[in-house]
Amino acid sequence: MYKVADLRTALDLVRQAAVDRANMASLRILLAEELATSSLLRLSDTAVIEQIAWHMVRGALVAVAHPIPEPRAAASSADVELLESGGSAPSSSAHANTGLANTDAGISRAFMSAGVDSAATNARADIGSDSGVNEVVVLEVEDTTFRFDSAVFMPEPVTEDAGETPSIDGVTGLDALITVFIRQKECADQAMLVTGHTDTSGPDDYNLKLSEKRAASVHALLTGERDRWAQISLEQNKPKDIQQILAWAHRGRRYDCDPGPVDGRIGGRSRAAIRQFKSGYNNRFPGTEIPVNESADANFWRAVYDVYMEELKSLLGIDDVGLDKYRRALHWADSAHHFVGCGESWPIDHFRADNYRSIINRRVEVLFFDTGEFPELACHPAPDQCRKDVCVLYNENTYQRTHLPVLSVRRPQSSPYFMAPQSPGARHWIRIQHLYCYVVTFQDDGTIKDVQLYKMNLGQLADPATDAVRRIECDCDVWLYFSHRDDLDKPLLREHRFSKIGGTLPLLGPVRIPCGRNVEVHVDLWQQKDWIIVFSQDIGYGKFDTAKMADWHGRYSICTIDPLTKEFSLHGDQKLKDEQEVWKGVSTASGGGPIALSHWSDYGDIAMWVGTLSDTPTPQVKILLTKNGTNVCTYNQITRGSDNVLRYGFHVYDQTLVKQLEDARLVSPGREQNALIDALPDPPIRFLLPGDMVWYNQGQRNACGPFSFAAAMNYWRPYEFNPTGKDGLHCHYVVVPNIINGARTPENIQTAADDADMNGHVRDAEDLDRGRATKLIKLWLSAGIPVLFLSKERTKANWLERLWSYHWKVLAGYDANRFYMNNSGANQEGEDPSTRDNGFDYEHAPIGNCVNSENSFWDKWKAGGGDIVDFLRVSVQECTFIALYPNSKNHRGSSVK
């Protein structure tokens, strides 16, 4: 059996605070912390911990106030309440000795009431069909709502001492009514029964009728039966009820009706307060005027009912129509028995003591049953009858009781599952996860009321920091925005971004949030139309494992300058460029860097990564695809358009334009070829390949051919060809053959392309003028294809080295007066400042690691043939180039991607 001594620290806390009822809330928090960290309990269910903590507090208080004959599993409230003496207070010695001696018993009972098995303290008792025990959810209308021998439902905890003011922090009777309304909205599949109870003082038959009146009083308030509630209150009230209601109306509702001390004596001041209350009522409720007199008659109680309802509507933030909706949502478990009186049959405190006066025992409970689990009430064959011997409502072998705390929220809430199509246009819907969700609500005038950020956890809204599922207000409309970003809600930008009309974020809505358990919300988040969607699929040579988003700034540092000689050396490693990738202008080294896209879902072995393109820090962004932590592929200059942007983990070229260029190649040089080139569309003024190529410095090796080939191959097969990762993978002597000392001819490159199932035909523009030649090379680039070309660098080397200074590079883009390229070796402008164009920026480029002016490019390209290569009987034409692209149809498209 469970030993209370195992939690001695928690027990000491109970004993120390048991006589200080004002600290009950803080005590429960301390107890919950002790229970959660106890190595002996090993409890993980926070709901169980909360129930145990509360029952320990209550059990200790009962034990201190009155000796407990023996522990017993019993029903009790699910929230902290203040103990109010229902009879004569025990002596000081009882507090000091007898009560404390029974605190352990009270705590043992707490564990039993909380549903924790005494033999297995780390688990809740199972509830299910196998055990034959159903679950009933119990809302206890606070013990302090009814006075001794009274059926008046009080709006706040009752006061017994003359002049005592009720605690404003206590749970009120109106709070309990709100909880019932909200529970029925949230759990529409459950049905209710109201049960009334008394203590054991007085005759049994009298108590049975009194308990039924108390249940009827709560029922009448819930269902809106004004006259019936007034009649019950008129028949069964106490003078203190009248005085305290007047004091409540004066204090909380600003009626000029202060009755003075709540002492149970209706004297001149109390009678004057009744008159003033009625007068104030007539002013506030025109059309329902009542005679203004000093009598607490039926009209007085009808007026009290109306004031209750006004306060109830105010607390709920609704009008008469809204209150009527709540009432129509109530479901009763038995049409013939909405409420029953149980008399003194089922006390909580001193359950075996007869003629025992206890505020804890006089209560009303609202029981919530799941569909099909409501019992037949054989124990109540007729009004004013209760057969305890056949009662199953309070039989622990029939129902496991779960206590419902009185709620602090004023609106129903739910935690629905949000569903979306698995991909744009898909018929299959899945639970949304791995994304952030902004829930936006608006005022009636259209201004923003609130914006809340959540993280999607298996379809439900969760706390972004802890992943704990959060409930939100239901039975209302909201607007939603989903993103991979959690930084969009900034106070100064809220109206700019989240406005319903004119906001920069494409909100989805209105979306109705349903109430209920396990409800779903279907929302097509792809209708935001601002998504970048990247599919990670293996088309024969691997796939990426992570996708990230960075600013597109288009101004990367590409070289290092010697401050003395002004010579510069090109960055020889892609990693030096990766270090310049930023998000919001902040690099990884500075504590920022690119942010991850969200791993949305998987289609078999195809992973889907998503992010949003609205309100990005820069007008365009860059998508980085990584494998094993290394950037191997990028999508550059991604911009939000009118629809979602789809990418497939590899690049696509414009097959229509390529066909036109291939046709021009097949025509012999001369007028006919010139005419075909002239007929081709003009290339765009500026074009960059939509992705970077990973490059690597060849060092002192004569290996520019294979290193350039590897860089171009990386563009098409980034997961297989990664020069940075493997010192020029598939570059040196293995894939690309050589003729002498590592030199590669165009035919060597073409042989390697053929072996890799690539189209790499050797081409040249030797017979074309500069205008047509540069048009041709720009059109190949604008078709989405990297172009290897042979240039001759005029370096500062001696005449013999100059003779051999042929160099393969890979074009990656151009603009009005420059070409951008990937260069694995030297550059004449870097070694010889005298060859540079004045005012030309050689230090920065949006793509590649090398930049030449168009004039310089043309001169080098034109010189890349003849002389020494002809002497060696290797036919290399001037303006030689190789447009390298895959034969596979996977890379063909109607446009460049």
# chains A, B, ... in the order shown; residues from 1 in each chain; ligands from 1
call {"tool": "residues_around", "arguments": {"residues": "A:Ser856", "least_positions_apart": "2", "cutoff": "9 Å", "atoms": "only C-alpha atoms", "output": "list in words"}}
result
Arg818, Thr835, Arg836, Asp837, Asn852, Ser853, Glu854, Trp858, Asp859, Lys860 and Trp861 of chain A
call {"tool": "write_last_selection", "arguments": {"atoms": "N, CA and C atoms", "output": "tab-separated table (two decimals), in the first residue's frame"}}
result
chain	number	residue	atom	x	y	z
A	818	ARG	N	29.10	42.37	-68.42
A	818	ARG	CA	30.02	41.46	-67.77
A	818	ARG	C	29.52	40.03	-67.86
A	835	THR	N	45.81	44.96	-66.73
A	835	THR	CA	44.84	44.43	-67.69
A	835	THR	C	43.40	44.70	-67.27
A	836	ARG	N	43.21	45.34	-66.16
A	836	ARG	CA	41.85	45.56	-65.66
A	836	ARG	C	41.19	46.76	-66.34
A	837	ASP	N	39.89	46.68	-66.46
A	837	ASP	CA	39.09	47.80	-66.97
A	837	ASP	C	38.87	48.80	-65.85
A	852	ASN	N	34.44	38.85	-65.57
A	852	ASN	CA	35.18	39.55	-66.63
A	852	ASN	C	34.25	40.53	-67.32
A	853	SER	N	34.82	41.61	-67.79
A	853	SER	CA	34.02	42.49	-68.63
A	853	SER	C	33.74	41.77	-69.94
A	854	GLU	N	32.71	42.21	-70.65
A	854	GLU	CA	32.39	41.55	-71.91
A	854	GLU	C	33.55	41.69	-72.91
A	858	TRP	N	35.49	38.44	-74.43
A	858	TRP	CA	35.57	38.21	-75.88
A	858	TRP	C	37.01	38.02	-76.31
A	859	ASP	N	37.90	38.86	-75.83
A	859	ASP	CA	39.30	38.75	-76.22
A	859	ASP	C	39.89	37.40	-75.80
A	860	LYS	N	39.62	36.96	-74.59
A	860	LYS	CA	40.17	35.69	-74.10
A	860	LYS	C	39.56	34.51	-74.84
A	861	TRP	N	38.24	34.59	-75.07
A	861	TRP	CA	37.55	33.48	-75.75
A	861	TRP	C	38.04	33.38	-77.20
call {"tool": "closest_residue", "arguments": {"among": "A:Asn397, A:Ser270, A:Thr200, A:Asn636", "to": "A:Asp349", "atoms": "only C-alpha atoms"}}
result
A:Thr200
call {"tool": "residues_around", "arguments": {"residues": "A:Thr626", "least_positions_apart": "3", "cutoff": "8 Å", "atoms": "only C-alpha atoms", "output": "VMD selection string"}}
result
chain A and resid 544 to 547 629 to 633
call {"tool": "write_last_selection", "arguments": {"atoms": "N, CA, C and O atoms", "output": "short mmCIF file (atom, residue, chain, number, x, y, z; two decimals), in the first residue's frame"}}
result
data_model
loop_
_atom_site.label_atom_id
_atom_site.label_comp_id
_atom_site.auth_asym_id
_atom_site.auth_seq_id
_atom_site.Cartn_x
_atom_site.Cartn_y
_atom_site.Cartn_z
N PHE A 544 18.92 15.61 -51.64
CA PHE A 544 19.33 16.41 -50.49
C PHE A 544 18.60 15.96 -49.24
O PHE A 544 17.57 15.27 -49.31
N ASP A 545 19.10 16.37 -48.09
CA ASP A 545 18.45 15.99 -46.84
C ASP A 545 17.94 17.17 -46.03
O ASP A 545 17.20 16.99 -45.07
N THR A 546 18.31 18.39 -46.40
CA THR A 546 17.83 19.59 -45.70
C THR A 546 17.73 20.74 -46.68
O THR A 546 18.55 20.85 -47.60
N ALA A 547 16.73 21.59 -46.49
CA ALA A 547 16.58 22.80 -47.31
C ALA A 547 16.53 24.02 -46.40
O ALA A 547 15.90 23.99 -45.35
N GLY A 629 25.29 18.17 -44.34
CA GLY A 629 25.76 19.43 -43.80
C GLY A 629 26.45 20.35 -44.78
O GLY A 629 26.88 21.44 -44.41
N THR A 630 26.60 19.94 -46.04
CA THR A 630 27.29 20.75 -47.04
C THR A 630 26.30 21.26 -48.09
O THR A 630 25.48 20.49 -48.59
N ASN A 631 26.37 22.56 -48.41
CA ASN A 631 25.54 23.11 -49.47
C ASN A 631 26.01 22.55 -50.81
O ASN A 631 27.16 22.73 -51.20
N VAL A 632 25.11 21.87 -51.52
CA VAL A 632 25.49 21.26 -52.79
C VAL A 632 24.66 21.76 -53.96
O VAL A 632 24.99 21.49 -55.12
N CYS A 633 23.57 22.47 -53.65
CA CYS A 633 22.70 22.94 -54.73
C CYS A 633 21.93 24.15 -54.21
O CYS A 633 21.60 24.22 -53.02
#
call {"tool": "residues_around", "arguments": {"residues": "stretch 266-269 of chain A", "least_positions_apart": "6", "cutoff": "7 Å", "atoms": "only C-alpha atoms", "output": "PyMOL selection string"}}
result
chain A and resi 239+259-260
call {"tool": "residues_around", "arguments": {"residues": "A:Gln385", "least_positions_apart": "4", "cutoff": "10 Å", "atoms": "only C-alpha atoms", "output": "PyMOL selection string"}}
result
chain A and resi 205+208-209+212+340-343+379-381
call {"tool": "select_by_dssp", "arguments": {"residues": "stretch 277-523 of chain A", "states": "helix (DSSP H, G or I)", "output": "number ranges by chain"}}
result
A: 277-284, 298-316, 320-328, 388-390, 491-498
call {"tool": "residues_around", "arguments": {"residues": "A:Ala812", "least_positions_apart": "4", "cutoff": "10 Å", "atoms": "only C-alpha atoms", "output": "list in words"}}
result
Phe687, Leu688, Leu689, Pro690, Gly691, Asp692, Met693, Ala712, Tyr715, Lys778, Leu781, Ser782, Gly784, Ile785, Pro786, Val787, Leu788, Phe819, Tyr820, Met821, Asn822, Pro846, Ile847, Gly848, Asn849 and Cys850 of chain A
call {"tool": "write_last_selection", "arguments": {"atoms": "N, CA and C atoms", "output": "mmCIF file, in the first residue's frame"}}
result
data_model
loop_
_atom_site.group_PDB
_atom_site.id
_atom_site.type_symbol
_atom_site.label_atom_id
_atom_site.label_comp_id
_atom_site.auth_asym_id
_atom_site.auth_seq_id
_atom_site.Cartn_x
_atom_site.Cartn_y
_atom_site.Cartn_z
ATOM 1 N N PHE A 687 20.943 37.647 -67.218
ATOM 2 C CA PHE A 687 20.508 36.299 -66.877
ATOM 3 C C PHE A 687 21.560 35.617 -66.008
ATOM 4 N N LEU A 688 21.084 35.002 -64.938
ATOM 5 C CA LEU A 688 21.932 34.173 -64.088
ATOM 6 C C LEU A 688 21.326 32.775 -64.044
ATOM 7 N N LEU A 689 22.141 31.760 -64.106
ATOM 8 C CA LEU A 689 21.630 30.410 -63.906
ATOM 9 C C LEU A 689 20.883 30.367 -62.575
ATOM 10 N N PRO A 690 19.797 29.644 -62.508
ATOM 11 C CA PRO A 690 18.984 29.667 -61.284
ATOM 12 C C PRO A 690 19.617 28.965 -60.093
ATOM 13 N N GLY A 691 20.849 28.496 -60.228
ATOM 14 C CA GLY A 691 21.519 27.866 -59.103
ATOM 15 C C GLY A 691 23.023 28.003 -59.200
ATOM 16 N N ASP A 692 23.673 27.949 -58.031
ATOM 17 C CA ASP A 692 25.127 28.001 -58.008
ATOM 18 C C ASP A 692 25.727 26.674 -58.475
ATOM 19 N N MET A 693 26.997 26.736 -58.883
ATOM 20 C CA MET A 693 27.798 25.542 -59.102
ATOM 21 C C MET A 693 28.880 25.501 -58.039
ATOM 22 N N ALA A 712 30.373 22.049 -63.642
ATOM 23 C CA ALA A 712 29.168 22.015 -64.472
ATOM 24 C C ALA A 712 28.310 20.799 -64.143
ATOM 25 N N TYR A 715 26.085 21.248 -61.167
ATOM 26 C CA TYR A 715 24.832 21.956 -61.424
ATOM 27 C C TYR A 715 23.705 20.968 -61.710
ATOM 28 N N LYS A 778 24.989 33.691 -74.898
ATOM 29 C CA LYS A 778 23.995 34.165 -73.927
ATOM 30 C C LYS A 778 22.699 33.364 -74.034
ATOM 31 N N LEU A 781 23.078 30.131 -72.196
ATOM 32 C CA LEU A 781 22.946 30.369 -70.753
ATOM 33 C C LEU A 781 21.484 30.592 -70.371
ATOM 34 N N SER A 782 20.791 31.422 -71.160
ATOM 35 C CA SER A 782 19.394 31.735 -70.825
ATOM 36 C C SER A 782 18.472 30.546 -71.014
ATOM 37 N N GLY A 784 19.193 27.953 -69.546
ATOM 38 C CA GLY A 784 19.368 27.282 -68.267
ATOM 39 C C GLY A 784 20.486 26.266 -68.280
ATOM 40 N N ILE A 785 21.524 26.505 -69.092
ATOM 41 C CA ILE A 785 22.579 25.509 -69.273
ATOM 42 C C ILE A 785 23.946 26.138 -69.015
ATOM 43 N N PRO A 786 24.739 25.545 -68.113
ATOM 44 C CA PRO A 786 26.111 26.038 -67.918
ATOM 45 C C PRO A 786 26.962 25.757 -69.156
ATOM 46 N N VAL A 787 27.876 26.667 -69.461
ATOM 47 C CA VAL A 787 28.664 26.567 -70.685
ATOM 48 C C VAL A 787 30.153 26.575 -70.333
ATOM 49 N N LEU A 788 30.837 25.488 -70.675
ATOM 50 C CA LEU A 788 32.286 25.450 -70.544
ATOM 51 C C LEU A 788 32.897 26.150 -71.754
ATOM 52 N N PHE A 819 30.460 39.104 -67.729
ATOM 53 C CA PHE A 819 30.161 37.680 -67.663
ATOM 54 C C PHE A 819 30.637 37.150 -66.311
ATOM 55 N N TYR A 820 29.795 36.277 -65.719
ATOM 56 C CA TYR A 820 30.134 35.648 -64.449
ATOM 57 C C TYR A 820 30.433 34.179 -64.708
ATOM 58 N N MET A 821 31.434 33.649 -64.001
ATOM 59 C CA MET A 821 31.870 32.290 -64.293
ATOM 60 C C MET A 821 32.430 31.632 -63.045
ATOM 61 N N ASN A 822 32.570 30.302 -63.137
ATOM 62 C CA ASN A 822 33.285 29.534 -62.133
ATOM 63 C C ASN A 822 34.679 29.232 -62.681
ATOM 64 N N PRO A 846 27.285 38.114 -58.212
ATOM 65 C CA PRO A 846 26.098 37.453 -57.677
ATOM 66 C C PRO A 846 26.162 35.932 -57.796
ATOM 67 N N ILE A 847 27.021 35.451 -58.707
ATOM 68 C CA ILE A 847 27.103 34.014 -58.946
ATOM 69 C C ILE A 847 28.516 33.707 -59.428
ATOM 70 N N GLY A 848 28.985 32.488 -59.179
ATOM 71 C CA GLY A 848 30.327 32.119 -59.570
ATOM 72 C C GLY A 848 31.378 32.733 -58.665
ATOM 73 N N ASN A 849 32.642 32.628 -59.089
ATOM 74 C CA ASN A 849 33.740 33.192 -58.293
ATOM 75 C C ASN A 849 34.701 34.025 -59.142
ATOM 76 N N CYS A 850 34.223 34.410 -60.342
ATOM 77 C CA CYS A 850 35.088 35.173 -61.230
ATOM 78 C C CYS A 850 34.212 36.034 -62.135
#
call {"tool": "atom_distance", "arguments": {"atom1": "atom CA of A:Val762", "atom2": "atom CA of A:Leu776"}}
result
14.0 Å
call {"tool": "residues_around", "arguments": {"residues": "A:Ile677", "least_positions_apart": "4", "cutoff": "9 Å", "atoms": "only C-alpha atoms", "output": "list in words"}}
result
Leu661, Ala664, Glu672, Gln673, Pro681, Arg772, Lys775 and Leu776 of chain A
call {"tool": "closest_residue", "arguments": {"among": "A:Leu625, A:Val406, A:Leu480, A:Ile749", "to": "A:His761", "atoms": "only C-alpha atoms"}}
result
A:Ile749
